[in-house]
$ cat coords_7.tsv   # TSV, C-alpha atoms
chain	number	residue	atom	x	y	z
A	1	MET	CA	20.91	-34.77	-7.87
A	2	LYS	CA	18.10	-37.28	-8.25
A	3	SER	CA	15.11	-38.35	-6.19
A	4	ARG	CA	13.77	-41.88	-6.58
A	5	PHE	CA	10.10	-42.82	-6.91
A	6	GLY	CA	9.93	-46.61	-7.03
A	7	ASN	CA	11.97	-47.62	-10.07
A	8	PHE	CA	11.96	-44.10	-11.47
A	9	SER	CA	14.35	-41.27	-10.62
A	10	ILE	CA	13.65	-37.57	-11.16
A	11	ASP	CA	16.66	-35.59	-12.32
A	12	TYR	CA	16.51	-32.46	-10.19
A	13	SER	CA	19.54	-30.94	-11.91
A	14	ILE	CA	17.46	-30.65	-15.10
A	15	LEU	CA	14.29	-29.62	-13.28
A	16	SER	CA	15.92	-26.92	-11.16
A	17	THR	CA	17.82	-25.52	-14.15
A	18	ILE	CA	14.76	-25.06	-16.34
A	19	ILE	CA	12.75	-23.60	-13.43
A	20	ALA	CA	15.48	-21.01	-12.90
A	21	LEU	CA	15.55	-20.16	-16.61
A	22	ILE	CA	11.75	-19.86	-16.74
A	23	VAL	CA	11.66	-17.54	-13.71
A	24	ILE	CA	14.35	-15.31	-15.21
A	25	GLY	CA	12.49	-15.32	-18.51
A	26	LEU	CA	9.25	-14.26	-16.82
A	27	LEU	CA	11.03	-11.40	-15.05
A	28	CYS	CA	12.49	-10.17	-18.34
A	29	LEU	CA	9.16	-10.59	-20.10
A	30	TYR	CA	7.35	-8.64	-17.38
A	31	SER	CA	9.82	-5.79	-17.78
A	32	ALA	CA	9.59	-5.92	-21.59
A	33	THR	CA	5.78	-5.68	-21.52
A	34	SER	CA	5.19	-3.55	-18.40
A	35	GLY	CA	3.11	-0.38	-18.56
A	36	ASN	CA	0.16	-2.13	-20.15
A	37	ASN	CA	-3.15	-1.31	-18.49
A	38	GLN	CA	-4.79	-4.55	-19.61
A	39	PRO	CA	-5.68	-7.32	-17.12
A	40	VAL	CA	-2.63	-9.46	-16.37
A	41	LEU	CA	-3.95	-12.61	-18.02
A	42	LYS	CA	-4.54	-10.71	-21.29
A	43	THR	CA	-0.98	-9.43	-21.48
A	44	ASP	CA	1.91	-11.36	-23.02
A	45	PHE	CA	3.30	-11.83	-19.52
A	46	GLY	CA	0.04	-13.37	-18.30
A	47	LYS	CA	-0.20	-15.57	-21.38
A	48	GLN	CA	3.35	-16.79	-20.82
A	49	ILE	CA	2.47	-17.82	-17.27
A	50	ILE	CA	-0.31	-19.95	-18.72
A	51	TRP	CA	2.09	-21.37	-21.30
A	52	SER	CA	4.54	-22.12	-18.48
A	53	LEU	CA	1.92	-24.16	-16.63
A	54	ALA	CA	1.01	-25.98	-19.85
A	55	GLY	CA	4.71	-26.51	-20.50
A	56	PHE	CA	5.13	-28.35	-17.22
A	57	LEU	CA	2.27	-30.66	-18.21
A	58	PHE	CA	4.19	-31.45	-21.41
A	59	PHE	CA	7.33	-31.93	-19.31
A	60	LEU	CA	5.54	-34.41	-17.04
A	61	PHE	CA	4.00	-36.26	-19.98
A	62	PHE	CA	7.34	-36.82	-21.71
A	63	LEU	CA	8.96	-37.52	-18.34
A	64	PHE	CA	6.75	-40.52	-17.57
A	65	VAL	CA	5.70	-41.86	-20.99
A	66	PRO	CA	7.54	-45.15	-21.70
A	67	LEU	CA	10.24	-44.70	-24.29
A	68	LYS	CA	9.05	-47.89	-25.98
A	69	VAL	CA	5.69	-46.21	-26.63
A	70	LEU	CA	7.44	-43.15	-28.10
A	71	SER	CA	9.51	-45.38	-30.36
A	72	GLN	CA	6.48	-47.29	-31.63
A	73	SER	CA	4.48	-44.13	-32.31
A	74	SER	CA	7.34	-42.00	-33.65
A	75	TYR	CA	6.58	-42.49	-37.35
A	76	ILE	CA	2.88	-41.80	-36.78
A	77	LEU	CA	3.69	-38.54	-34.98
A	78	TYR	CA	6.14	-37.68	-37.75
A	79	GLY	CA	3.45	-38.22	-40.40
A	80	ILE	CA	0.98	-36.04	-38.49
A	81	SER	CA	3.55	-33.25	-38.23
A	82	LEU	CA	4.13	-33.35	-42.00
A	83	ILE	CA	0.39	-33.11	-42.63
A	84	LEU	CA	0.18	-30.07	-40.35
A	85	LEU	CA	3.14	-28.47	-42.13
A	86	VAL	CA	1.20	-28.81	-45.37
A	87	VAL	CA	-2.01	-27.51	-43.82
A	88	VAL	CA	-0.40	-24.14	-43.00
A	89	PHE	CA	-0.13	-23.35	-46.71
A	90	PHE	CA	-3.89	-23.08	-46.88
A	91	GLY	CA	-3.86	-20.12	-44.51
A	92	GLY	CA	-1.41	-17.43	-43.45
A	93	PHE	CA	-1.13	-13.84	-44.55
A	94	SER	CA	1.16	-11.69	-46.73
A	95	GLY	CA	2.72	-14.83	-48.20
A	96	ILE	CA	3.77	-16.14	-44.77
A	97	HIS	CA	2.40	-19.53	-43.73
A	98	ARG	CA	3.65	-20.53	-40.29
A	99	TRP	CA	0.63	-20.81	-38.00
A	100	ILE	CA	-2.54	-22.81	-37.72
A	101	VAL	CA	-5.24	-20.64	-36.17
A	102	VAL	CA	-8.28	-22.09	-34.41
A	103	GLY	CA	-10.33	-19.27	-32.87
A	104	ALA	CA	-8.13	-17.40	-30.41
A	105	PHE	CA	-5.62	-20.26	-30.36
A	106	GLN	CA	-2.69	-20.49	-32.76
A	107	PHE	CA	0.39	-22.65	-32.90
A	108	GLN	CA	3.33	-23.35	-35.19
A	109	PRO	CA	3.40	-26.90	-36.60
A	110	SER	CA	7.14	-26.48	-37.19
A	111	GLU	CA	7.70	-26.71	-33.43
A	112	LEU	CA	5.83	-30.02	-33.27
A	113	ALA	CA	7.78	-31.15	-36.34
A	114	LYS	CA	11.07	-30.62	-34.48
A	115	VAL	CA	10.10	-33.14	-31.80
A	116	ALA	CA	8.46	-35.52	-34.30
A	117	THR	CA	11.47	-35.48	-36.65
A	118	LEU	CA	13.78	-36.04	-33.69
A	119	LEU	CA	11.78	-39.12	-32.62
A	120	ALA	CA	11.60	-40.48	-36.18
A	121	LEU	CA	15.35	-40.12	-36.71
A	122	ALA	CA	16.05	-41.62	-33.28
A	123	ARG	CA	13.95	-44.69	-34.09
A	124	TYR	CA	15.51	-45.11	-37.53
A	125	PHE	CA	19.10	-44.88	-36.31
A	126	SER	CA	18.46	-47.06	-33.25
A	127	GLN	CA	17.24	-49.87	-35.54
A	128	GLN	CA	20.48	-49.95	-37.52
A	129	ARG	CA	22.71	-52.84	-36.53
A	130	GLU	CA	25.95	-51.44	-37.91
A	131	ASN	CA	28.06	-49.00	-35.88
A	132	THR	CA	28.59	-46.87	-38.96
A	133	ILE	CA	26.17	-45.83	-41.67
A	134	GLY	CA	26.67	-45.79	-45.42
A	135	TRP	CA	25.02	-44.11	-48.37
A	136	LYS	CA	21.74	-46.01	-48.02
A	137	GLU	CA	21.27	-45.12	-44.36
A	138	PHE	CA	22.42	-41.58	-44.99
A	139	SER	CA	19.95	-41.11	-47.85
A	140	ILE	CA	16.97	-42.40	-45.83
A	141	ALA	CA	17.89	-40.21	-42.85
A	142	ALA	CA	18.33	-37.23	-45.17
A	143	CYS	CA	14.80	-37.78	-46.48
A	144	ILE	CA	13.37	-37.98	-42.95
A	145	GLY	CA	15.02	-34.72	-41.96
A	146	GLY	CA	14.89	-33.07	-45.36
A	147	ILE	CA	11.13	-33.21	-45.99
A	148	PRO	CA	10.14	-31.05	-42.97
A	149	LEU	CA	13.15	-28.83	-43.66
A	150	LEU	CA	11.93	-28.04	-47.17
A	151	LEU	CA	8.35	-27.51	-46.02
A	152	VAL	CA	9.47	-25.06	-43.33
A	153	LEU	CA	11.78	-23.31	-45.79
A	154	LYS	CA	8.79	-22.85	-48.08
A	155	GLU	CA	6.74	-21.08	-45.35
A	156	PRO	CA	9.24	-19.21	-45.42
A	157	ASP	CA	11.15	-19.68	-42.15
A	158	LEU	CA	14.88	-19.89	-42.84
A	159	GLY	CA	15.90	-19.88	-39.17
A	160	THR	CA	13.73	-22.85	-38.24
A	161	ALA	CA	14.78	-24.70	-41.40
A	162	LEU	CA	18.37	-24.44	-40.19
A	163	VAL	CA	17.33	-26.11	-36.94
A	164	PHE	CA	16.27	-29.20	-38.92
A	165	LEU	CA	19.57	-29.16	-40.80
A	166	VAL	CA	21.55	-29.02	-37.56
A	167	LEU	CA	19.41	-31.76	-36.00
A	168	LEU	CA	19.94	-34.04	-39.00
A	169	THR	CA	23.70	-33.38	-39.11
A	170	VAL	CA	24.24	-34.00	-35.38
A	171	MET	CA	22.23	-37.23	-35.36
A	172	ILE	CA	24.02	-38.54	-38.44
A	173	LEU	CA	27.34	-37.85	-36.74
A	174	TRP	CA	26.11	-39.52	-33.54
A	175	ALA	CA	25.10	-42.57	-35.59
A	176	GLY	CA	28.72	-43.01	-36.64
A	177	ILE	CA	28.81	-41.85	-40.24
A	178	LYS	CA	32.17	-42.17	-41.91
A	179	TRP	CA	33.83	-38.80	-42.31
A	180	LYS	CA	34.22	-39.23	-46.08
A	181	PHE	CA	30.46	-39.63	-46.43
A	182	LEU	CA	29.90	-36.47	-44.44
A	183	LEU	CA	32.49	-34.62	-46.50
A	184	TRP	CA	30.87	-35.60	-49.77
A	185	ALA	CA	27.44	-34.79	-48.39
A	186	LEU	CA	28.55	-31.28	-47.47
A	187	MET	CA	30.20	-30.54	-50.81
A	188	PRO	CA	26.93	-29.55	-52.57
A	189	PHE	CA	26.47	-26.83	-49.95
A	190	VAL	CA	30.01	-25.58	-50.66
A	191	THR	CA	29.27	-25.33	-54.36
A	192	PHE	CA	25.98	-23.62	-53.56
A	193	ALA	CA	27.87	-20.94	-51.64
A	194	SER	CA	30.29	-20.52	-54.56
A	195	GLY	CA	27.49	-20.34	-57.11
A	196	PHE	CA	27.14	-16.56	-56.87
A	197	ASN	CA	30.39	-16.10	-58.79
A	198	VAL	CA	30.98	-17.99	-62.03
A	199	PHE	CA	34.75	-18.26	-61.53
A	200	SER	CA	34.59	-19.52	-57.94
A	201	PHE	CA	31.84	-21.95	-58.96
A	202	ALA	CA	33.92	-23.35	-61.82
A	203	GLY	CA	36.97	-23.67	-59.58
A	204	VAL	CA	35.12	-25.50	-56.82
A	205	MET	CA	33.48	-27.88	-59.29
A	206	ALA	CA	36.85	-28.68	-60.91
A	207	VAL	CA	38.49	-29.38	-57.55
A	208	LEU	CA	35.54	-31.53	-56.45
A	209	ILE	CA	35.61	-33.73	-59.56
A	210	ILE	CA	39.39	-34.13	-59.38
A	211	VAL	CA	39.24	-35.17	-55.71
A	212	LEU	CA	36.40	-37.62	-56.36
A	213	ILE	CA	38.34	-39.29	-59.16
A	214	ALA	CA	41.66	-39.21	-57.30
A	215	THR	CA	40.14	-40.94	-54.27
A	216	LYS	CA	38.79	-43.68	-56.57
A	217	GLN	CA	35.13	-43.23	-55.73
A	218	LYS	CA	32.58	-45.39	-57.54
A	219	TRP	CA	31.34	-43.93	-60.80
A	220	TRP	CA	27.78	-43.46	-59.56
A	221	ILE	CA	29.03	-41.60	-56.49
A	222	VAL	CA	31.02	-39.26	-58.74
A	223	LEU	CA	27.94	-38.63	-60.89
A	224	VAL	CA	25.55	-38.08	-57.97
A	225	ILE	CA	27.79	-35.77	-55.94
A	226	SER	CA	29.09	-33.74	-58.87
A	227	GLY	CA	25.62	-33.56	-60.45
A	228	LEU	CA	23.91	-32.43	-57.25
A	229	SER	CA	26.69	-29.93	-56.61
A	230	PHE	CA	26.37	-28.50	-60.10
A	231	VAL	CA	22.58	-28.14	-59.82
A	232	LEU	CA	22.76	-26.42	-56.42
A	233	GLY	CA	25.54	-24.09	-57.52
A	234	PHE	CA	23.87	-23.26	-60.83
A	235	PHE	CA	20.57	-22.34	-59.18
A	236	ALA	CA	22.11	-20.47	-56.20
A	237	PRO	CA	21.26	-17.01	-57.64
A	238	ALA	CA	17.66	-18.15	-58.23
A	239	VAL	CA	17.41	-19.36	-54.61
A	240	TRP	CA	18.72	-16.00	-53.40
A	241	ALA	CA	16.08	-14.24	-55.49
A	242	LYS	CA	13.39	-16.40	-53.84
A	243	LEU	CA	14.35	-15.18	-50.35
A	244	GLU	CA	12.11	-12.58	-48.80
A	245	PRO	CA	13.52	-9.01	-49.03
A	246	TYR	CA	13.92	-8.79	-45.24
A	247	GLN	CA	15.92	-12.05	-45.25
A	248	GLN	CA	18.25	-10.72	-47.95
A	249	GLN	CA	18.72	-7.47	-46.03
A	250	ARG	CA	19.57	-9.27	-42.79
A	251	ILE	CA	22.21	-11.41	-44.49
A	252	LEU	CA	23.76	-8.45	-46.37
A	253	ILE	CA	23.86	-6.35	-43.21
A	254	PHE	CA	25.46	-9.18	-41.26
A	255	LEU	CA	28.13	-9.59	-43.97
A	256	GLY	CA	28.79	-5.85	-43.88
A	257	MET	CA	27.68	-5.44	-47.48
A	258	LYS	CA	24.83	-3.09	-46.64
A	259	SER	CA	24.13	-0.40	-44.04
A	260	ASP	CA	20.59	0.48	-42.98
A	261	PRO	CA	20.69	1.95	-39.45
A	262	HIS	CA	17.11	3.21	-39.60
A	263	GLY	CA	15.66	0.13	-41.28
A	264	ALA	CA	16.68	-3.51	-41.20
A	265	ALA	CA	19.74	-2.86	-38.99
A	266	TYR	CA	17.75	-0.87	-36.41
A	267	GLN	CA	16.97	-3.90	-34.25
A	268	LEU	CA	20.59	-5.01	-34.09
A	269	ILE	CA	21.87	-1.51	-33.26
A	270	GLN	CA	19.36	-1.06	-30.45
A	271	SER	CA	20.11	-4.55	-29.16
A	272	LYS	CA	23.83	-3.82	-28.93
A	273	VAL	CA	23.11	-0.55	-27.16
A	274	ALA	CA	20.87	-2.31	-24.64
A	275	VAL	CA	23.34	-5.12	-23.88
A	276	GLY	CA	26.33	-2.78	-23.75
A	277	SER	CA	24.65	-0.25	-21.48
A	278	GLY	CA	23.95	-2.87	-18.82
A	279	GLY	CA	27.51	-2.90	-17.57
A	280	ILE	CA	28.44	-5.30	-14.75
A	281	LEU	CA	25.32	-5.22	-12.58
A	282	GLY	CA	22.77	-3.82	-15.05
A	283	LYS	CA	20.47	-0.83	-14.71
A	284	GLY	CA	18.11	-2.72	-12.46
A	285	PHE	CA	14.78	-4.45	-12.87
A	286	LEU	CA	12.28	-2.21	-14.71
A	287	HIS	CA	14.96	0.49	-15.12
A	288	GLY	CA	16.34	-0.30	-18.57
A	289	SER	CA	15.91	2.75	-20.78
A	290	GLN	CA	15.95	0.85	-24.07
A	291	THR	CA	13.47	-1.64	-22.66
A	292	GLN	CA	11.07	0.71	-20.89
A	293	LEU	CA	11.04	3.29	-23.70
A	294	ARG	CA	10.41	0.54	-26.26
A	295	PHE	CA	13.38	1.44	-28.44
A	296	LEU	CA	14.02	-2.25	-29.05
A	297	PRO	CA	11.50	-3.95	-31.38
A	298	GLU	CA	10.43	-7.52	-30.53
A	299	GLN	CA	12.07	-7.23	-27.12
A	300	HIS	CA	9.68	-9.76	-25.59
A	301	THR	CA	10.43	-12.45	-28.19
A	302	ASP	CA	13.54	-12.49	-30.38
A	303	PHE	CA	15.46	-9.92	-28.29
A	304	ILE	CA	14.58	-10.96	-24.75
A	305	PHE	CA	18.31	-11.53	-24.12
A	306	SER	CA	18.89	-7.81	-24.72
A	307	VAL	CA	16.44	-7.03	-21.91
A	308	LEU	CA	18.39	-9.36	-19.66
A	309	GLY	CA	21.70	-7.70	-20.54
A	310	GLU	CA	20.42	-4.17	-20.01
A	311	GLU	CA	18.63	-4.68	-16.70
A	312	PHE	CA	20.75	-7.45	-15.09
A	313	GLY	CA	24.09	-6.74	-16.75
A	314	PHE	CA	27.08	-9.04	-17.07
A	315	VAL	CA	26.14	-10.84	-13.86
A	316	GLY	CA	22.68	-11.72	-15.17
A	317	ILE	CA	24.08	-12.82	-18.51
A	318	THR	CA	26.67	-15.02	-16.77
A	319	ILE	CA	24.00	-16.67	-14.64
A	320	VAL	CA	21.80	-17.45	-17.65
A	321	LEU	CA	24.71	-18.75	-19.74
A	322	SER	CA	25.82	-20.92	-16.79
A	323	LEU	CA	22.31	-22.37	-16.51
A	324	PHE	CA	22.22	-23.17	-20.21
A	325	LEU	CA	25.67	-24.78	-20.09
A	326	THR	CA	24.65	-26.83	-17.05
A	327	LEU	CA	21.59	-28.10	-18.90
A	328	PHE	CA	23.45	-28.84	-22.14
A	329	PHE	CA	26.34	-30.66	-20.47
A	330	ARG	CA	23.90	-32.71	-18.41
A	331	MET	CA	22.05	-33.72	-21.58
A	332	LEU	CA	25.31	-34.59	-23.34
A	333	PHE	CA	26.27	-36.79	-20.38
A	334	LEU	CA	22.90	-38.55	-20.55
A	335	ALA	CA	23.26	-39.12	-24.29
A	336	LYS	CA	26.68	-40.65	-23.79
A	337	THR	CA	25.77	-42.92	-20.84
A	338	ALA	CA	22.32	-44.12	-21.91
A	339	ARG	CA	22.41	-47.85	-22.63
A	340	ASP	CA	19.49	-47.76	-25.05
A	341	GLN	CA	20.28	-46.38	-28.51
A	342	PHE	CA	16.85	-44.81	-28.98
A	343	ALA	CA	17.22	-42.95	-25.68
A	344	SER	CA	20.71	-41.78	-26.58
A	345	PHE	CA	19.57	-40.40	-29.94
A	346	ILE	CA	16.60	-38.64	-28.32
A	347	VAL	CA	18.82	-36.70	-25.94
A	348	ILE	CA	21.55	-35.82	-28.44
A	349	GLY	CA	18.91	-34.55	-30.84
A	350	GLY	CA	17.22	-32.54	-28.10
A	351	VAL	CA	20.41	-30.85	-26.98
A	352	SER	CA	21.32	-30.04	-30.59
A	353	ILE	CA	18.02	-28.20	-31.08
A	354	LEU	CA	18.11	-26.29	-27.78
A	355	SER	CA	21.81	-25.39	-27.97
A	356	PHE	CA	21.62	-24.25	-31.62
A	357	GLN	CA	18.64	-22.00	-30.96
A	358	SER	CA	20.30	-20.58	-27.85
A	359	VAL	CA	23.61	-19.87	-29.58
A	360	VAL	CA	21.96	-18.29	-32.63
A	361	ASN	CA	19.53	-16.17	-30.59
A	362	ILE	CA	22.19	-14.88	-28.20
A	363	GLY	CA	24.66	-14.42	-31.05
A	364	MET	CA	22.25	-12.32	-33.11
A	365	THR	CA	21.58	-9.93	-30.21
A	366	VAL	CA	25.26	-8.99	-30.14
A	367	GLY	CA	25.84	-9.07	-33.90
A	368	LEU	CA	27.61	-12.43	-34.21
A	369	PHE	CA	24.85	-13.89	-36.41
A	370	PRO	CA	22.25	-12.47	-38.77
A	371	VAL	CA	18.91	-11.59	-37.19
A	372	THR	CA	16.58	-14.60	-37.32
A	373	GLY	CA	13.23	-15.44	-35.80
A	374	LEU	CA	14.61	-18.17	-33.54
A	375	PRO	CA	13.44	-17.64	-29.93
A	376	LEU	CA	15.62	-18.15	-26.88
A	377	PRO	CA	14.46	-21.39	-25.21
A	378	PHE	CA	12.57	-20.93	-21.90
A	379	LEU	CA	12.97	-17.13	-21.97
A	380	SER	CA	11.35	-15.77	-25.13
A	381	TYR	CA	7.60	-15.26	-25.31
A	382	GLY	CA	5.79	-17.86	-27.37
A	383	GLY	CA	3.66	-20.89	-26.62
A	384	SER	CA	4.61	-23.31	-29.41
A	385	SER	CA	8.35	-22.88	-28.90
A	386	PHE	CA	8.02	-23.10	-25.12
A	387	LEU	CA	6.05	-26.36	-25.29
A	388	MET	CA	8.64	-27.80	-27.67
A	389	SER	CA	11.50	-26.88	-25.33
A	390	MET	CA	9.72	-28.37	-22.31
A	391	SER	CA	9.03	-31.55	-24.28
A	392	LEU	CA	12.72	-31.94	-25.11
A	393	VAL	CA	13.91	-31.52	-21.53
A	394	GLY	CA	11.09	-33.84	-20.42
A	395	LEU	CA	12.50	-36.50	-22.74
A	396	ALA	CA	15.98	-35.92	-21.34
A	397	ALA	CA	14.69	-36.27	-17.78
A	398	ASN	CA	12.88	-39.45	-18.83
A	399	VAL	CA	16.12	-40.93	-20.13
A	400	SER	CA	17.91	-39.85	-16.94
A	401	GLY	CA	15.34	-41.61	-14.75
A	402	GLN	CA	15.34	-44.87	-16.69
A	403	ARG	CA	18.66	-45.12	-18.47
A	404	TYR	CA	20.05	-47.89	-16.24
A	405	ARG	CA	17.03	-50.09	-16.82
A	406	TYR	CA	17.88	-50.78	-20.47
$ encode --input "coords_7.tsv" --output "structure tokens"
Amino acid sequence: MKSRFGNFSIDYSILSTIIALIVIGLLCLYSATSGNNQPVLKTDFGKQIIWSLAGFLFFLFFLFVPLKVLSQSSYILYGISLILLVVVFFGGFSGIHRWIVVGAFQFQPSELAKVATLLALARYFSQQRENTIGWKEFSIAACIGGIPLLLVLKEPDLGTALVFLVLLTVMILWAGIKWKFLLWALMPFVTFASGFNVFSFAGVMAVLIIVLIATKQKWWIVLVISGLSFVLGFFAPAVWAKLEPYQQQRILIFLGMKSDPHGAAYQLIQSKVAVGSGGILGKGFLHGSQTQLRFLPEQHTDFIFSVLGEEFGFVGITIVLSLFLTLFFRMLFLAKTARDQFASFIVIGGVSILSFQSVVNIGMTVGLFPVTGLPLPFLSYGGSSFLMSMSLVGLAANVSGQRYRY
């Protein structure tokens, strides 16, 4: 459903969906933080209301800003985001560098970098004349997406780094990369995964070289792919050693290689209990025992979905999942029907970010994925992430309102 203002149409299917998600998120957040005697505006719930209002300003800005202006300024914004990602290394605490703090205000440059990298990749791919991309185009795109990925990984923030990897992969696929290029590009990651065992590493490397030669690849391609694969596989144990202890524990627990019910696995256990105890209709608003007794750590941020499951049950979960699917399918439709390539890449990149974070966040609350710090879009507490999500849907609504004018 759309309403027309002059030559511009507002997509009310997107607007109504995100409003519904925000309202549900505020209800869950209020329950997760209730019992605090502080003034409302000083609580996380009150702060999220302020972030919600600010988020709608971001939504309106990206809704009405001309896409031509965004395209022209995309590389500048991308450069600024990289500078901010470097700036965070001059602050932080306990070896963690993720926020820039100015007085009482703090934000995560990595959230800005998601939007900036999306715009930069969209501009680059939209300027390519060919329907498919080769090694040159792939390499340049990999640099655009890889630089912020490595900076975020250094913070360290593995979950957010994966968002950049997914964004880059989806946009390369949308640009029409040949499947053999994608296959060769992914092989170094396969050898990296096999690098923890010398026999599996040797086997994978042998198969890779044989396939490269058998398919008559150019000699420099054989050298680059096999060389990069060898380096990544050889240094895999060193990369594992560089991970923070809590990251190693989360991965080992997820793989079933370690049990720590009173430590690293405590969050996941309590999350499953909360979701499972909700039943069909839930325990009712403000009546979730896990939520109200604070058995679930980080229930207002990473595990807000657990609060939803406990207090609103299967019905509440179904409603939220339906809203997310409605939003994602609408964005996919816009990406497919947009006549302008830049607009199409903007939307496909936006839906890849939002859908990946949603799937990972929901999956980790029920044990399908390792526990990460990725918030649930529109529901989890957090200003930087919320503004990023609102910016992405604002861009999608912009494309919806103007897509037939290109």
$ closest_residue --input "coords_7.tsv" --among "A:Ser81, A:Ser226, A:Thr17, A:Thr365" --to "Ala185 in chain A" --atoms "all atoms listed in the file"
A:Ser226
$ atom_distance --input "coords_7.tsv" --atom1 "CA of Asn398 in chain A" --atom2 "CA of Ser9 in chain A"
8.5 Å
$ residues_around --input "coords_7.tsv" --residues "range 297-300 of chain A" --least-positions-apart "4" --cutoff "9 Å" --atoms "all atoms listed in the file" --output "list in words"
Cys28, Leu29, Tyr30, Ser31, Ala32, Thr33, Asp44, Tyr266, Gln267, Gln270, Ser271, Thr291, Ile304, Phe305, Ser306, Val307, Leu379, Ser380 and Tyr381 of chain A
$ atom_distance --input "coords_7.tsv" --atom1 "CA of Ser74 in chain A" --atom2 "CA of Ile172 in chain A"
17.7 Å
$ atom_distance --input "coords_7.tsv" --atom1 "CA of Ile100 in chain A" --atom2 "CA of Leu82 in chain A"
13.2 Å
$ residues_around --input "coords_7.tsv" --residues "Ile76 in chain A" --least-positions-apart "2" --cutoff "12 Å" --atoms "only C-alpha atoms" --output "PyMOL selection string"
chain A and resi 69-74+78-83+113+116-117+119-120+123
$ write_last_selection --input "coords_7.tsv" --atoms "C-alpha atoms" --output "mmCIF file, in the frame of the given file"
data_model
loop_
_atom_site.group_PDB
_atom_site.id
_atom_site.type_symbol
_atom_site.label_atom_id
_atom_site.label_comp_id
_atom_site.auth_asym_id
_atom_site.auth_seq_id
_atom_site.Cartn_x
_atom_site.Cartn_y
_atom_site.Cartn_z
ATOM 1 C CA VAL A 69 5.690 -46.210 -26.630
ATOM 2 C CA LEU A 70 7.440 -43.150 -28.100
ATOM 3 C CA SER A 71 9.510 -45.380 -30.360
ATOM 4 C CA GLN A 72 6.480 -47.290 -31.630
ATOM 5 C CA SER A 73 4.480 -44.130 -32.310
ATOM 6 C CA SER A 74 7.340 -42.000 -33.650
ATOM 7 C CA TYR A 78 6.140 -37.680 -37.750
ATOM 8 C CA GLY A 79 3.450 -38.220 -40.400
ATOM 9 C CA ILE A 80 0.980 -36.040 -38.490
ATOM 10 C CA SER A 81 3.550 -33.250 -38.230
ATOM 11 C CA LEU A 82 4.130 -33.350 -42.000
ATOM 12 C CA ILE A 83 0.390 -33.110 -42.630
ATOM 13 C CA ALA A 113 7.780 -31.150 -36.340
ATOM 14 C CA ALA A 116 8.460 -35.520 -34.300
ATOM 15 C CA THR A 117 11.470 -35.480 -36.650
ATOM 16 C CA LEU A 119 11.780 -39.120 -32.620
ATOM 17 C CA ALA A 120 11.600 -40.480 -36.180
ATOM 18 C CA ARG A 123 13.950 -44.690 -34.090
#
$ closest_residue --input "coords_7.tsv" --among "A:Pro148, A:Pro377, A:Pro109, A:Gly350" --to "Ile362 in chain A" --atoms "only C-alpha atoms"
A:Pro377
$ closest_residue --input "coords_7.tsv" --among "A:Leu321, A:Ile348, A:Leu158, A:Leu85" --to "Phe333 in chain A" --atoms "only C-alpha atoms"
A:Ile348
$ residues_near_point --input "coords_7.tsv" --point "(27.7, -36.5, -54.8)" --cutoff "9 Å" --atoms "only C-alpha atoms" --output "ChimeraX atom specification"
/A:184-185,187-188,212,220-229
